[in-house]
Amino acid sequence: MTVKNYIALIEFDEEIGTYGVTVPDMPGFFSGGETYEEAVSNAHEGLTFHIEGLLEDGDEIPEPSTWEEIRKNWDGWEYWNEVVPIYFTAFIPVIPASGEIPLLVTMDTSLVSRIDSVSQDRSAFLSTAAEYMLSKKT
């Protein structure tokens with residue numbers, strides 16, 4: 001399985017104090033968070049689900065663009081270049097799913113409670129965490 005690293009553009013909205021995330025290779029995808037770290041984490045989780053939805057619909061998954069390709073070809077570049085005063089970038093690693101298997105996992109109850117406090121889907125949370133950690137190893 002190959003990790004695909006998508007470039008994300010992250011804008012800080014001073015007026016409301018949150019971060020918004022756009023991934024140029026994924027039209028219609030938008031995510032965000034109250035901190036930069038939360039915005040990147042939410043983007044990773046959201047992008048994973050977005051790609052899974054594309055696969056379920058039979059759509060093709062776009063290959064990640066380079067920074068130069070985004071600047072040259074992305075329709076939204078003019079806005080980001082001229083209107084957004086300050087933005088950040090990040091790589092969002094994604095491993096497209098190729099199928100699912102049921103898995104029994106034993107965990108400390110306090111850890112499960114912490115997971116439940118930030119996610120409504122334990123399996124998705126654990127899959128995202130595993131993908132993230134594995135992407136750090138490659």
# chains A, B, ... in the order shown; residues from 1 in each chain; ligands from 1
call {"tool": "select_by_dssp", "arguments": {"residues": "stretch 5-123 of chain A", "states": "alpha helix (DSSP H)", "output": "PyMOL selection string"}}
result
chain A and resi 36-56+67-73+77-82+109-118+122-123
call {"tool": "write_last_selection", "arguments": {"atoms": "C-alpha atoms", "output": "PDB file, in the first residue's frame"}}
result
ATOM      1  CA  TYR A  36      -3.154  24.399  13.576  1.00  0.00           C
ATOM      2  CA  GLU A  37      -2.535  20.902  14.961  1.00  0.00           C
ATOM      3  CA  GLU A  38      -6.250  20.163  15.264  1.00  0.00           C
ATOM      4  CA  ALA A  39      -6.858  21.472  11.735  1.00  0.00           C
ATOM      5  CA  VAL A  40      -4.179  19.172  10.281  1.00  0.00           C
ATOM      6  CA  SER A  41      -5.472  16.198  12.283  1.00  0.00           C
ATOM      7  CA  ASN A  42      -9.067  16.867  11.200  1.00  0.00           C
ATOM      8  CA  ALA A  43      -7.916  17.269   7.606  1.00  0.00           C
ATOM      9  CA  HIS A  44      -6.176  13.907   7.748  1.00  0.00           C
ATOM     10  CA  GLU A  45      -9.271  12.177   9.088  1.00  0.00           C
ATOM     11  CA  GLY A  46     -11.605  14.027   6.727  1.00  0.00           C
ATOM     12  CA  LEU A  47      -9.447  13.414   3.682  1.00  0.00           C
ATOM     13  CA  THR A  48      -9.334   9.711   4.474  1.00  0.00           C
ATOM     14  CA  PHE A  49     -13.152   9.602   4.566  1.00  0.00           C
ATOM     15  CA  HIS A  50     -13.397  11.786   1.457  1.00  0.00           C
ATOM     16  CA  ILE A  51     -11.209   9.356  -0.489  1.00  0.00           C
ATOM     17  CA  GLU A  52     -13.178   6.371   0.823  1.00  0.00           C
ATOM     18  CA  GLY A  53     -16.351   8.066  -0.455  1.00  0.00           C
ATOM     19  CA  LEU A  54     -14.786   8.612  -3.863  1.00  0.00           C
ATOM     20  CA  LEU A  55     -13.820   4.932  -3.991  1.00  0.00           C
ATOM     21  CA  GLU A  56     -17.323   3.822  -2.975  1.00  0.00           C
ATOM     22  CA  TRP A  67       3.684  22.595  -5.102  1.00  0.00           C
ATOM     23  CA  GLU A  68       4.635  23.894  -8.554  1.00  0.00           C
ATOM     24  CA  GLU A  69       1.651  22.143 -10.175  1.00  0.00           C
ATOM     25  CA  ILE A  70      -0.722  23.646  -7.623  1.00  0.00           C
ATOM     26  CA  ARG A  71       0.629  27.153  -8.209  1.00  0.00           C
ATOM     27  CA  LYS A  72       0.416  26.739 -11.975  1.00  0.00           C
ATOM     28  CA  ASN A  73      -2.802  24.724 -12.460  1.00  0.00           C
ATOM     29  CA  TRP A  77      -4.397  29.665  -6.489  1.00  0.00           C
ATOM     30  CA  GLU A  78      -5.182  33.294  -7.368  1.00  0.00           C
ATOM     31  CA  TYR A  79      -7.377  33.607  -4.255  1.00  0.00           C
ATOM     32  CA  TRP A  80      -4.725  32.094  -1.988  1.00  0.00           C
ATOM     33  CA  ASN A  81      -1.950  34.114  -3.549  1.00  0.00           C
ATOM     34  CA  GLU A  82      -3.733  37.471  -3.570  1.00  0.00           C
ATOM     35  CA  THR A 109     -10.934   1.626  29.513  1.00  0.00           C
ATOM     36  CA  SER A 110      -9.562   5.115  30.142  1.00  0.00           C
ATOM     37  CA  LEU A 111      -7.965   5.131  26.678  1.00  0.00           C
ATOM     38  CA  VAL A 112     -11.260   4.034  25.105  1.00  0.00           C
ATOM     39  CA  SER A 113     -13.028   6.846  26.978  1.00  0.00           C
ATOM     40  CA  ARG A 114     -10.525   9.366  25.655  1.00  0.00           C
ATOM     41  CA  ILE A 115     -11.046   8.097  22.108  1.00  0.00           C
ATOM     42  CA  ASP A 116     -14.824   8.291  22.523  1.00  0.00           C
ATOM     43  CA  SER A 117     -14.533  11.888  23.730  1.00  0.00           C
ATOM     44  CA  VAL A 118     -13.016  12.991  20.383  1.00  0.00           C
ATOM     45  CA  ARG A 122     -13.612   4.066  17.178  1.00  0.00           C
ATOM     46  CA  SER A 123     -12.633   2.022  14.132  1.00  0.00           C
TER      47      SER A 123
END
call {"tool": "atom_distance", "arguments": {"atom1": "atom CA of A:Ile16", "atom2": "atom CA of A:Ala90"}}
result
21.4 Å
call {"tool": "atom_distance", "arguments": {"atom1": "atom CA of A:Phe29", "atom2": "atom CA of A:Glu11"}}
result
14.2 Å
call {"tool": "select_by_dssp", "arguments": {"residues": "stretch 62-134 of chain A", "states": "strand (DSSP E or B)", "output": "list in words"}}
result
Tyr87, Phe88, Thr89, Ala90, Phe91, Ile92, Pro93 and Val94 of chain A
call {"tool": "closest_atom_pairs", "arguments": {"of": "stretch 51-127 of chain A", "to": "stretch 2-8 of chain A", "cutoff": "10 Å", "atoms": "only C-alpha atoms", "output": "JSON lines"}}
result
{"residue": "A:Pro62", "atom": "CA", "partner": "A:Tyr6", "partner_atom": "CA", "distance": 9.7}
{"residue": "A:Glu63", "atom": "CA", "partner": "A:Lys4", "partner_atom": "CA", "distance": 7.6}
{"residue": "A:Pro64", "atom": "CA", "partner": "A:Tyr6", "partner_atom": "CA", "distance": 5.1}
{"residue": "A:Ser65", "atom": "CA", "partner": "A:Tyr6", "partner_atom": "CA", "distance": 7.2}
{"residue": "A:Thr66", "atom": "CA", "partner": "A:Ile7", "partner_atom": "CA", "distance": 7.7}
{"residue": "A:Trp67", "atom": "CA", "partner": "A:Ile7", "partner_atom": "CA", "distance": 7.4}
{"residue": "A:Ile70", "atom": "CA", "partner": "A:Ile7", "partner_atom": "CA", "distance": 8.8}
{"residue": "A:Phe88", "atom": "CA", "partner": "A:Ala8", "partner_atom": "CA", "distance": 8.3}
{"residue": "A:Thr89", "atom": "CA", "partner": "A:Ala8", "partner_atom": "CA", "distance": 5.5}
{"residue": "A:Ala90", "atom": "CA", "partner": "A:Ala8", "partner_atom": "CA", "distance": 5.2}
{"residue": "A:Phe91", "atom": "CA", "partner": "A:Ile7", "partner_atom": "CA", "distance": 4.7}
{"residue": "A:Ile92", "atom": "CA", "partner": "A:Tyr6", "partner_atom": "CA", "distance": 5.1}
{"residue": "A:Pro93", "atom": "CA", "partner": "A:Asn5", "partner_atom": "CA", "distance": 4.3}
{"residue": "A:Val94", "atom": "CA", "partner": "A:Lys4", "partner_atom": "CA", "distance": 5.3}
{"residue": "A:Ile95", "atom": "CA", "partner": "A:Val3", "partner_atom": "CA", "distance": 4.8}
{"residue": "A:Pro96", "atom": "CA", "partner": "A:Val3", "partner_atom": "CA", "distance": 7.7}
call {"tool": "write_last_selection", "arguments": {"atoms": "N, CA and C atoms", "output": "PDB file, in the first residue's frame"}}
result
ATOM      1  N   PRO A  62      -7.486  11.313  -7.327  1.00  0.00           N
ATOM      2  CA  PRO A  62      -6.439  12.120  -7.971  1.00  0.00           C
ATOM      3  C   PRO A  62      -5.070  11.867  -7.346  1.00  0.00           C
ATOM      4  N   GLU A  63      -4.061  11.892  -8.174  1.00  0.00           N
ATOM      5  CA  GLU A  63      -2.693  11.802  -7.667  1.00  0.00           C
ATOM      6  C   GLU A  63      -2.343  13.147  -7.021  1.00  0.00           C
ATOM      7  N   PRO A  64      -1.530  13.112  -5.978  1.00  0.00           N
ATOM      8  CA  PRO A  64      -1.124  14.377  -5.360  1.00  0.00           C
ATOM      9  C   PRO A  64      -0.308  15.238  -6.327  1.00  0.00           C
ATOM     10  N   SER A  65      -0.602  16.524  -6.315  1.00  0.00           N
ATOM     11  CA  SER A  65       0.148  17.480  -7.141  1.00  0.00           C
ATOM     12  C   SER A  65       1.372  17.969  -6.392  1.00  0.00           C
ATOM     13  N   THR A  66       2.343  18.424  -7.141  1.00  0.00           N
ATOM     14  CA  THR A  66       3.492  19.080  -6.529  1.00  0.00           C
ATOM     15  C   THR A  66       3.106  20.527  -6.224  1.00  0.00           C
ATOM     16  N   TRP A  67       3.921  21.189  -5.420  1.00  0.00           N
ATOM     17  CA  TRP A  67       3.684  22.595  -5.102  1.00  0.00           C
ATOM     18  C   TRP A  67       3.655  23.431  -6.383  1.00  0.00           C
ATOM     19  N   ILE A  70       0.383  22.930  -8.266  1.00  0.00           N
ATOM     20  CA  ILE A  70      -0.722  23.646  -7.623  1.00  0.00           C
ATOM     21  C   ILE A  70      -0.670  25.122  -8.001  1.00  0.00           C
ATOM     22  N   PHE A  88      -0.526  28.644   5.790  1.00  0.00           N
ATOM     23  CA  PHE A  88       0.464  27.613   6.090  1.00  0.00           C
ATOM     24  C   PHE A  88       0.223  26.454   5.141  1.00  0.00           C
ATOM     25  N   THR A  89       1.196  25.591   5.022  1.00  0.00           N
ATOM     26  CA  THR A  89       1.015  24.378   4.239  1.00  0.00           C
ATOM     27  C   THR A  89       1.349  23.173   5.104  1.00  0.00           C
ATOM     28  N   ALA A  90       0.830  22.039   4.697  1.00  0.00           N
ATOM     29  CA  ALA A  90       1.126  20.783   5.381  1.00  0.00           C
ATOM     30  C   ALA A  90       0.942  19.657   4.380  1.00  0.00           C
ATOM     31  N   PHE A  91       1.646  18.566   4.609  1.00  0.00           N
ATOM     32  CA  PHE A  91       1.399  17.342   3.860  1.00  0.00           C
ATOM     33  C   PHE A  91       0.409  16.520   4.667  1.00  0.00           C
ATOM     34  N   ILE A  92      -0.640  16.044   4.002  1.00  0.00           N
ATOM     35  CA  ILE A  92      -1.624  15.180   4.644  1.00  0.00           C
ATOM     36  C   ILE A  92      -1.435  13.782   4.058  1.00  0.00           C
ATOM     37  N   PRO A  93      -0.867  12.859   4.860  1.00  0.00           N
ATOM     38  CA  PRO A  93      -0.639  11.508   4.341  1.00  0.00           C
ATOM     39  C   PRO A  93      -1.916  10.667   4.387  1.00  0.00           C
ATOM     40  N   VAL A  94      -2.183   9.949   3.309  1.00  0.00           N
ATOM     41  CA  VAL A  94      -3.357   9.095   3.236  1.00  0.00           C
ATOM     42  C   VAL A  94      -2.960   7.769   2.602  1.00  0.00           C
ATOM     43  N   ILE A  95      -3.473   6.687   3.173  1.00  0.00           N
ATOM     44  CA  ILE A  95      -3.310   5.363   2.574  1.00  0.00           C
ATOM     45  C   ILE A  95      -4.704   4.931   2.136  1.00  0.00           C
ATOM     46  N   PRO A  96      -4.998   4.933   0.838  1.00  0.00           N
ATOM     47  CA  PRO A  96      -6.334   4.530   0.399  1.00  0.00           C
ATOM     48  C   PRO A  96      -6.668   3.112   0.852  1.00  0.00           C
TER      49      PRO A  96
END
call {"tool": "decode", "arguments": {"residues": "stretch 2-90 of chain A", "atoms": "C-alpha atoms", "output": "CSV table (one decimal), in the first residue's frame"}}
result
chain,number,residue,atom,x,y,z
A,2,THR,CA,1.4,3.4,-1.0
A,3,VAL,CA,1.1,6.5,1.1
A,4,LYS,CA,-0.1,9.5,-0.9
A,5,ASN,CA,0.9,12.9,0.6
A,6,TYR,CA,-1.5,15.6,-0.4
A,7,ILE,CA,-0.6,19.3,0.0
A,8,ALA,CA,-3.0,21.2,2.2
A,9,LEU,CA,-3.3,25.0,2.4
A,10,ILE,CA,-4.2,26.2,5.9
A,11,GLU,CA,-5.7,29.7,6.5
A,12,PHE,CA,-6.0,31.3,9.9
A,13,ASP,CA,-9.2,33.3,10.2
A,14,GLU,CA,-8.3,36.0,12.8
A,15,GLU,CA,-11.9,37.2,13.0
A,16,ILE,CA,-13.2,33.9,14.4
A,17,GLY,CA,-9.9,32.4,15.5
A,18,THR,CA,-10.0,29.2,13.7
A,19,TYR,CA,-8.0,27.4,10.9
A,20,GLY,CA,-9.5,26.3,7.6
A,21,VAL,CA,-7.9,23.6,5.4
A,22,THR,CA,-8.2,23.2,1.7
A,23,VAL,CA,-6.6,20.4,-0.3
A,24,PRO,CA,-6.3,21.6,-4.0
A,25,ASP,CA,-6.3,18.1,-5.4
A,26,MET,CA,-9.7,17.3,-3.8
A,27,PRO,CA,-12.3,19.7,-5.1
A,28,GLY,CA,-15.1,20.3,-2.6
A,29,PHE,CA,-13.1,19.1,0.4
A,30,PHE,CA,-12.7,21.5,3.3
A,31,SER,CA,-11.8,21.0,6.9
A,32,GLY,CA,-10.6,23.0,9.9
A,33,GLY,CA,-9.9,23.3,13.6
A,34,GLU,CA,-9.4,25.6,16.5
A,35,THR,CA,-5.6,25.1,16.4
A,36,TYR,CA,-3.2,24.4,13.6
A,37,GLU,CA,-2.5,20.9,15.0
A,38,GLU,CA,-6.3,20.2,15.3
A,39,ALA,CA,-6.9,21.5,11.7
A,40,VAL,CA,-4.2,19.2,10.3
A,41,SER,CA,-5.5,16.2,12.3
A,42,ASN,CA,-9.1,16.9,11.2
A,43,ALA,CA,-7.9,17.3,7.6
A,44,HIS,CA,-6.2,13.9,7.7
A,45,GLU,CA,-9.3,12.2,9.1
A,46,GLY,CA,-11.6,14.0,6.7
A,47,LEU,CA,-9.4,13.4,3.7
A,48,THR,CA,-9.3,9.7,4.5
A,49,PHE,CA,-13.2,9.6,4.6
A,50,HIS,CA,-13.4,11.8,1.5
A,51,ILE,CA,-11.2,9.4,-0.5
A,52,GLU,CA,-13.2,6.4,0.8
A,53,GLY,CA,-16.4,8.1,-0.5
A,54,LEU,CA,-14.8,8.6,-3.9
A,55,LEU,CA,-13.8,4.9,-4.0
A,56,GLU,CA,-17.3,3.8,-3.0
A,57,ASP,CA,-18.8,6.0,-5.8
A,58,GLY,CA,-16.3,4.4,-8.3
A,59,ASP,CA,-14.5,7.7,-8.8
A,60,GLU,CA,-10.8,7.9,-9.5
A,61,ILE,CA,-8.5,9.2,-6.8
A,62,PRO,CA,-6.4,12.1,-8.0
A,63,GLU,CA,-2.7,11.8,-7.7
A,64,PRO,CA,-1.1,14.4,-5.4
A,65,SER,CA,0.1,17.5,-7.1
A,66,THR,CA,3.5,19.1,-6.5
A,67,TRP,CA,3.7,22.6,-5.1
A,68,GLU,CA,4.6,23.9,-8.6
A,69,GLU,CA,1.7,22.1,-10.2
A,70,ILE,CA,-0.7,23.6,-7.6
A,71,ARG,CA,0.6,27.2,-8.2
A,72,LYS,CA,0.4,26.7,-12.0
A,73,ASN,CA,-2.8,24.7,-12.5
A,74,TRP,CA,-5.1,25.1,-9.4
A,75,ASP,CA,-8.1,27.4,-10.0
A,76,GLY,CA,-8.0,28.6,-6.4
A,77,TRP,CA,-4.4,29.7,-6.5
A,78,GLU,CA,-5.2,33.3,-7.4
A,79,TYR,CA,-7.4,33.6,-4.3
A,80,TRP,CA,-4.7,32.1,-2.0
A,81,ASN,CA,-2.0,34.1,-3.5
A,82,GLU,CA,-3.7,37.5,-3.6
A,83,VAL,CA,-6.5,37.4,-0.9
A,84,VAL,CA,-5.2,35.3,1.9
A,85,PRO,CA,-2.6,37.4,3.8
A,86,ILE,CA,-1.1,34.5,5.8
A,87,TYR,CA,-1.4,30.8,5.2
A,88,PHE,CA,0.5,27.6,6.1
A,89,THR,CA,1.0,24.4,4.2
A,90,ALA,CA,1.1,20.8,5.4
